[in-house]
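*Asks:* Would you mind keeping the following structure in view while I ask a few things?
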Amino acid sequence: MSQDTLVKRQFGHRARLALSPAGVRAADDQAHAARTMWNLLHAWWRMMPKEERTLANADAAIRKAREDIGFLAVLPAQAAQAVLRTYFRAWQNCWEGRADAPNFKGRFRTVMSVDIPQGRDLNITRVHRRWGMVNIPKVGRVRFRWTKDLPVGKRADAGNRITGARLIKDALGWHIAFRVQILQGKPEPHEGPDIGIDVGVTVPLALSDGETYEHGEWLTSKEKSRLLHLEQRAAQRQRHRRHSERTSRRLQRTYDQIAALRAKAKRRVLDWQHQTTTAITRTYGTIVVEALTITDMIKSARGTIEEPGKNVAQKSGLNRSISGEAWGRTVTMLAYKTAQLGGTLVKVPAPGTSRRCSACGFTTPGSRESQAVFVCKNPDCGWSGNADHNAARNVLHLYRMGLVLVPAAGRAVVRRAKRVKPAAAR
C-alpha cells in the first residue's frame with residue numbers, strides 16, 4: 001500500500017488502573033497540583049497587561065511557582081507544561097468562538113486529571129491476556145486492564161504508536177486514557193443505502209426504513225431503589241449540616257455511592273450507543289439526522305416572578321429524559337464512525353419533520369394523533385403509520401431535496417461564528 005493511500009488516525013483508549021492506596025494518594029496530589037497550577041495561571045493572566053501575556057512569560061511564571069510553592073513539585077514538569085499549553089489553547093478556542101472563556105477550577109466541581117504528554121515515558125508492556133503495565137511519572141509501575149491491542153513493542157513504529165496519555169478520575173477510580181496514532185488506508189466510499197434517523201424519548205432511534213433501536217432502563221429496579229435511598233439519606237444529612245460547615249465523611253461517602261451508581265448507568269448508555277452507532281454506520285452509506293439545538297430544547301419553563309411558567313414539573317421531567325438520551329453524543333459517534341468507514345453524515349433542518357406527511361408531502365393540522373400514531377388528515381391522502389418512522393422519512397426526504405446544512409463526511413457540528421475577544425483577554 002503506497003503512502004498516498006495511508007492516512008493517520010488518532011483515537012483514545014481508556015483503561016482502568018489498579019492503583020495501590022499510596023498510588024491513589026500520589027495521583028490525587030498530582031491532580032490537585034495541576035488544578036492549582038491552572039488557577040495560578042488564570043490569576044496571572046488576569047493580572048498581567050495584554051502585551052506581557054506571552055507563552056514565555058507564563059512558562060517563567062509557572063517555573064517560579066514550582067520553586068516557591070512546595071506541593072506543586074509533586075506535579076511532573078512535563079505535566080505542568082501540559083497545563084500551560086491547555087490553558088493557552090482554551091483561550092484560542094474562546095477567541096475563535098468554539099468555547100467560552102476559561103475560568104477558575106473548583107475543588108469539587110472539576111474532573112481530576114493529569115496529563116502525560118510524552119508516550120515514551122509510559123513504557124507499556126503486556127503482562128498477560130487481561131493486564132498490562134504502564135509507567136506513571138512520580139507514581140511508578142501500575143497495572144491496567146488490557147481490553148484493546150495497543151501499538152507497543154514490536155508493533156510500534158513511527159506511524160503506529162502511543163503519543164501520550166491522560167490520567168482521569170471518576171466515580172469508579174483512576175483510569176488512563178491513551179492517545180493512539182495509527183496509519184490506516186483511506187476507506188473506500190460506502191456503497192450502503194441512504195437512511196434518515198429521527199431521535200426521540202419513547203423511541204430513541206427510528207429509521208426511515210422501519211427499523212427501530214430501543215433500550216431498557218439503565219438501572220435495575222433494585223439499583224433505582226438504592227439510588228433513591230442514597231439521595232434521601234444525602235438530603236437528610238445535608239439538612240443537618242450548618243452553613244459553611246465542612247462536609248462530613250459520612251455525607252461524602254454517600255455522595256460517592258450516588259456517583260458510582262450514576263457512573264454505572266452512564267457506562268451502560270455508552271455501551272448501547274457504541275453498539276447501535278456501529279451497526280448503523282456499517283449498514284448505511286449516507287446517514288441523515290436533524291440539526292437539533294438541544295440546549296434550547298432543555299431550557300427550563302420556570303419563567304420569572306412576573307411571568308411564571310406553566311407545567312414546570314412536566315417540562316423538568318422532559319428535560320431530564322432528553323438529557324438522558326444524549327442525542328448529541330449519538331450524533332458525534334455517528335460522525336466519526338461514518339468518516340472511518342467511508343460514509344457520509346449530513347444534517348437537515350428540524351422544523352416540521354414530525355408534522356408533515358411523508359406520503360403526500362402536506363402538513364395538515366391534527367395529523368399527529370399521538371406519540372406513536374400519524375394519520376394524514378389530507379382528504380386526498382389518508383396515509384397512516386408510525387409517527388416516528390414518518391418523521392425519519394421526512395428527514396431523508398429533506399436530504400434528497402438538497403436541504404443540507406452540513407454536507408460533509410464526519411462533520412456533524414455547525415461551527416459557531418467567530419466572536420469578539422472578551423475584554424478580559426485583550
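Scheme for the C-alpha cells: letters A, B, ... for chains in order shown; per-chain residue numbers from 1; ligand numbers from 1 in order shown.
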Could you find all residues in range 136-337 of chain A that DSSP calls strand (DSSP E) from the backbone, and write them as a short mmCIF file (atom, residue, chain, number, x, y, z; two decimals) with C-alpha atoms, in the first residue's frame?
*Replies:*
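Saved as states-v1.cif:
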data_model
loop_
_atom_site.label_atom_id
_atom_site.label_comp_id
_atom_site.auth_asym_id
_atom_site.auth_seq_id
_atom_site.Cartn_x
_atom_site.Cartn_y
_atom_site.Cartn_z
CA ILE A 136 3.32 6.80 35.52
CA GLY A 140 5.66 4.12 39.46
CA ARG A 141 4.70 0.96 37.59
CA VAL A 142 0.93 0.41 37.63
CA ARG A 143 -1.27 -2.35 36.26
CA PHE A 144 -4.14 -1.51 33.90
CA ARG A 145 -6.88 -3.55 32.28
CA ARG A 161 2.45 4.47 18.31
CA ILE A 162 1.13 5.88 21.56
CA THR A 163 1.78 9.62 21.65
CA GLY A 164 0.78 10.26 25.27
CA ALA A 165 -1.86 9.66 27.89
CA ARG A 166 -4.02 11.34 30.50
CA LEU A 167 -4.95 10.16 33.97
CA ILE A 168 -8.64 10.73 34.74
CA LYS A 169 -10.54 10.08 37.95
CA ASP A 170 -14.26 9.33 38.03
CA GLY A 173 -11.50 5.42 40.48
CA TRP A 174 -8.49 6.30 38.35
CA HIS A 175 -8.33 5.49 34.63
CA ILE A 176 -5.72 6.10 31.97
CA ALA A 177 -6.68 7.34 28.50
CA PHE A 178 -4.02 6.55 25.90
CA ARG A 179 -3.63 8.77 22.83
CA VAL A 180 -3.05 6.33 19.98
CA GLN A 181 -1.89 7.23 16.47
CA ILE A 182 -2.13 4.63 13.71
CA LEU A 183 -1.70 4.55 9.94
CA GLN A 184 -4.70 3.24 8.03
CA GLY A 185 -5.66 3.01 4.42
CA ASP A 194 -29.32 6.25 2.40
CA ILE A 195 -31.15 6.39 5.72
CA GLY A 196 -32.94 9.06 7.73
CA ILE A 197 -32.95 8.98 11.53
CA ASP A 198 -35.46 10.52 13.91
CA VAL A 199 -34.46 10.73 17.58
CA LEU A 205 -33.81 5.98 17.25
CA ALA A 206 -36.34 5.44 14.47
CA LEU A 207 -35.06 4.81 10.93
CA THR A 212 -36.02 1.00 15.45
CA TYR A 213 -33.33 0.88 18.12
CA THR A 286 -25.37 8.13 3.95
CA ILE A 287 -26.89 8.92 7.33
CA VAL A 288 -29.21 11.92 7.66
CA VAL A 289 -30.08 13.44 11.04
CA GLU A 290 -31.86 16.56 12.23
#
*Asks:* Please identify all polymer residues within 9 Å of Pro76 in chain A, counting only C-alpha atoms, omitting same-chain residues fewer than 3 positions from it, and present them as a CSV table (one decimal) with C-alpha atoms, in the first residue's frame.
*Replies:*
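Once everything was written out, this is result-v8.csv:
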chain,number,residue,atom,x,y,z
A,30,GLN,CA,-0.8,15.5,41.2
A,72,LEU,CA,3.4,21.9,43.3
A,73,ALA,CA,6.6,19.9,43.0
A,79,ALA,CA,2.6,17.7,33.2
A,80,ALA,CA,2.9,21.4,34.3
A,81,GLN,CA,3.9,22.3,30.7
A,116,ILE,CA,1.4,12.6,30.4
A,137,PRO,CA,5.8,9.6,36.4
A,138,LYS,CA,6.2,10.0,40.2
*Asks:* As a ChimeraX atom specification, please: the residues near Gly324 in chain A (cut-off 10 Å, only C-alpha atoms, same-chain neighbours under 6 positions excluded).
*Replies:* /A:201,218,265-266,269,318
*Asks:* Using only C-alpha atoms, which of the listed residues (A:Ala58, A:Cys381, A:Ala392, A:Leu341) sits closest to Pro204 in chain A?
*Replies:* A:Ala392
*Asks:* Just the residues within 12 Å of Gly132 in chain A, please, counting only C-alpha atoms, with nothing from its chain fewer than 6 positions along; format it as a PyMOL selection string.
*Replies:* chain A and resi 15-18+122-126+141-150+152+176
*Asks:* Hey, can you check how far CA of Asn378 in chain A sits from CA of Thr364 in chain A?
*Replies:*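 Atom-to-atom, CA of Asn378 in chain A and CA of Thr364 in chain A are spaced 6.3 Å apart.
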*Asks:* Any idea what's packed within 8 Å of Thr277 in chain A, counting only C-alpha atoms, ignoring anything in its chain fewer than 4 positions away? Could you give it as a ChimeraX atom specification?
*Replies:* /A:273,281,330,333-334,337
*Asks:* Write out as JSON, numbers by chain which residues come within 9 Å of range 231-238 of chain A when counting only C-alpha atoms, dropping same-chain ones fewer than 2 positions away.
*Replies:* {"A": [226, 227, 228, 229, 240, 241, 242, 247, 250, 251, 252, 254, 255, 258]}
*Asks:* Just write the chosen residues, all heavy atoms, as a short mmCIF file (atom, residue, chain, number, x, y, z; two decimals), in the first residue's frame.
*Replies:*
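Result written to part.cif:
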data_model
loop_
_atom_site.label_atom_id
_atom_site.label_comp_id
_atom_site.auth_asym_id
_atom_site.auth_seq_id
_atom_site.Cartn_x
_atom_site.Cartn_y
_atom_site.Cartn_z
N ARG A 226 -32.08 1.73 45.47
CA ARG A 226 -30.90 2.09 46.26
C ARG A 226 -30.48 3.53 45.99
O ARG A 226 -30.10 4.26 46.91
CB ARG A 226 -29.76 1.13 45.97
CG ARG A 226 -28.45 1.50 46.67
CD ARG A 226 -27.45 0.38 46.68
NE ARG A 226 -26.17 0.82 47.21
CZ ARG A 226 -25.92 1.04 48.49
NH1 ARG A 226 -26.88 0.86 49.38
NH2 ARG A 226 -24.72 1.43 48.89
N LEU A 227 -30.54 3.95 44.72
CA LEU A 227 -30.18 5.33 44.39
C LEU A 227 -31.12 6.31 45.08
O LEU A 227 -30.67 7.33 45.63
CB LEU A 227 -30.23 5.52 42.87
CG LEU A 227 -29.92 6.92 42.35
CD1 LEU A 227 -28.52 7.35 42.76
CD2 LEU A 227 -30.08 6.99 40.84
N LEU A 228 -32.42 6.02 45.07
CA LEU A 228 -33.37 6.90 45.75
C LEU A 228 -33.09 6.94 47.24
O LEU A 228 -33.13 8.02 47.87
CB LEU A 228 -34.79 6.41 45.49
CG LEU A 228 -35.92 7.19 46.17
CD1 LEU A 228 -35.92 8.64 45.72
CD2 LEU A 228 -37.26 6.53 45.90
N HIS A 229 -32.80 5.80 47.84
CA HIS A 229 -32.48 5.76 49.27
C HIS A 229 -31.25 6.58 49.59
O HIS A 229 -31.22 7.34 50.58
CB HIS A 229 -32.28 4.31 49.70
CG HIS A 229 -31.78 4.15 51.11
ND1 HIS A 229 -32.55 4.45 52.22
CD2 HIS A 229 -30.57 3.74 51.59
CE1 HIS A 229 -31.84 4.24 53.32
NE2 HIS A 229 -30.64 3.81 52.96
N HIS A 240 -29.00 18.72 58.15
CA HIS A 240 -28.41 18.89 59.48
C HIS A 240 -27.01 19.51 59.44
O HIS A 240 -26.39 19.67 60.49
CB HIS A 240 -28.33 17.52 60.18
CG HIS A 240 -29.68 16.94 60.49
ND1 HIS A 240 -30.49 17.42 61.50
CD2 HIS A 240 -30.37 15.92 59.91
CE1 HIS A 240 -31.61 16.72 61.55
NE2 HIS A 240 -31.57 15.81 60.58
N ARG A 241 -26.55 19.85 58.26
CA ARG A 241 -25.22 20.45 58.12
C ARG A 241 -25.35 21.96 58.17
O ARG A 241 -26.13 22.57 57.44
CB ARG A 241 -24.61 20.01 56.79
CG ARG A 241 -23.26 20.61 56.46
CD ARG A 241 -22.69 19.91 55.23
NE ARG A 241 -21.55 20.63 54.69
CZ ARG A 241 -21.60 21.49 53.68
NH1 ARG A 241 -22.77 21.73 53.10
NH2 ARG A 241 -20.52 22.10 53.25
N ARG A 242 -24.58 22.56 59.07
CA ARG A 242 -24.63 24.02 59.21
C ARG A 242 -24.00 24.70 58.00
O ARG A 242 -23.16 24.13 57.30
CB ARG A 242 -23.92 24.46 60.50
CG ARG A 242 -24.64 24.03 61.77
CD ARG A 242 -24.03 24.72 62.98
NE ARG A 242 -22.65 24.30 63.17
CZ ARG A 242 -22.28 23.24 63.89
NH1 ARG A 242 -23.22 22.48 64.48
NH2 ARG A 242 -21.02 22.91 64.03
N THR A 247 -17.98 19.28 54.78
CA THR A 247 -18.75 18.07 54.54
C THR A 247 -18.18 16.91 55.36
O THR A 247 -16.97 16.66 55.36
CB THR A 247 -18.71 17.70 53.05
OG1 THR A 247 -19.19 18.82 52.29
CG2 THR A 247 -19.59 16.49 52.78
N ARG A 250 -19.20 10.85 56.35
CA ARG A 250 -20.37 10.04 56.03
C ARG A 250 -21.13 10.61 54.84
O ARG A 250 -21.55 9.88 53.95
CB ARG A 250 -21.29 9.97 57.25
CG ARG A 250 -20.76 9.10 58.39
CD ARG A 250 -21.77 9.02 59.50
NE ARG A 250 -21.32 8.14 60.58
CZ ARG A 250 -22.01 7.88 61.67
NH1 ARG A 250 -23.20 8.46 61.84
NH2 ARG A 250 -21.54 7.06 62.60
N LEU A 251 -21.30 11.94 54.83
CA LEU A 251 -22.00 12.56 53.71
C LEU A 251 -21.20 12.42 52.42
O LEU A 251 -21.76 12.14 51.36
CB LEU A 251 -22.27 14.03 54.02
CG LEU A 251 -23.01 14.83 52.94
CD1 LEU A 251 -24.34 14.16 52.59
CD2 LEU A 251 -23.22 16.27 53.38
N GLN A 252 -19.89 12.58 52.50
CA GLN A 252 -19.07 12.44 51.30
C GLN A 252 -19.10 11.01 50.78
O GLN A 252 -19.13 10.78 49.56
CB GLN A 252 -17.61 12.83 51.63
CG GLN A 252 -16.72 12.95 50.40
CD GLN A 252 -17.22 13.98 49.42
OE1 GLN A 252 -17.48 15.13 49.78
NE2 GLN A 252 -17.38 13.58 48.16
N THR A 254 -21.66 9.00 51.07
CA THR A 254 -22.95 8.86 50.41
C THR A 254 -22.92 9.47 49.01
O THR A 254 -23.45 8.90 48.06
CB THR A 254 -24.04 9.53 51.26
OG1 THR A 254 -24.03 8.99 52.58
CG2 THR A 254 -25.41 9.31 50.65
N TYR A 255 -22.28 10.64 48.89
CA TYR A 255 -22.13 11.25 47.57
C TYR A 255 -21.36 10.33 46.62
O TYR A 255 -21.69 10.20 45.44
CB TYR A 255 -21.41 12.59 47.68
CG TYR A 255 -22.26 13.71 48.25
CD1 TYR A 255 -21.68 14.77 48.94
CD2 TYR A 255 -23.64 13.72 48.10
CE1 TYR A 255 -22.44 15.80 49.47
CE2 TYR A 255 -24.41 14.74 48.62
CZ TYR A 255 -23.80 15.77 49.30
OH TYR A 255 -24.58 16.79 49.82
N ILE A 258 -23.61 7.53 45.42
CA ILE A 258 -24.54 8.04 44.40
C ILE A 258 -23.82 8.18 43.06
O ILE A 258 -24.33 7.78 42.01
CB ILE A 258 -25.15 9.38 44.85
CG1 ILE A 258 -26.05 9.17 46.06
CG2 ILE A 258 -25.91 10.03 43.71
CD1 ILE A 258 -26.55 10.46 46.68
#
*Asks:* Between A:Thr54, A:Asn135, A:Thr36, A:Ser316, single out the one closest to Thr110 in chain A, counting only C-alpha atoms.
*Replies:* A:Thr36
*Asks:* From the list A:Tyr336, A:Arg393, A:Asn319, A:Phe108, which residue is nearest Asp256 in chain A when using only C-alpha atoms?
*Replies:*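 Smallest separation from Asp256 in chain A among the options: A:Phe108.
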*Asks:* Run DSSP on the backbone and tell me which residues of range 202-398 of chain A come out as alpha helix (DSSP H); list them as a PyMOL selection string.
*Replies:* chain A and resi 221-239+249-283+294-297+312-325+327-340+387-398
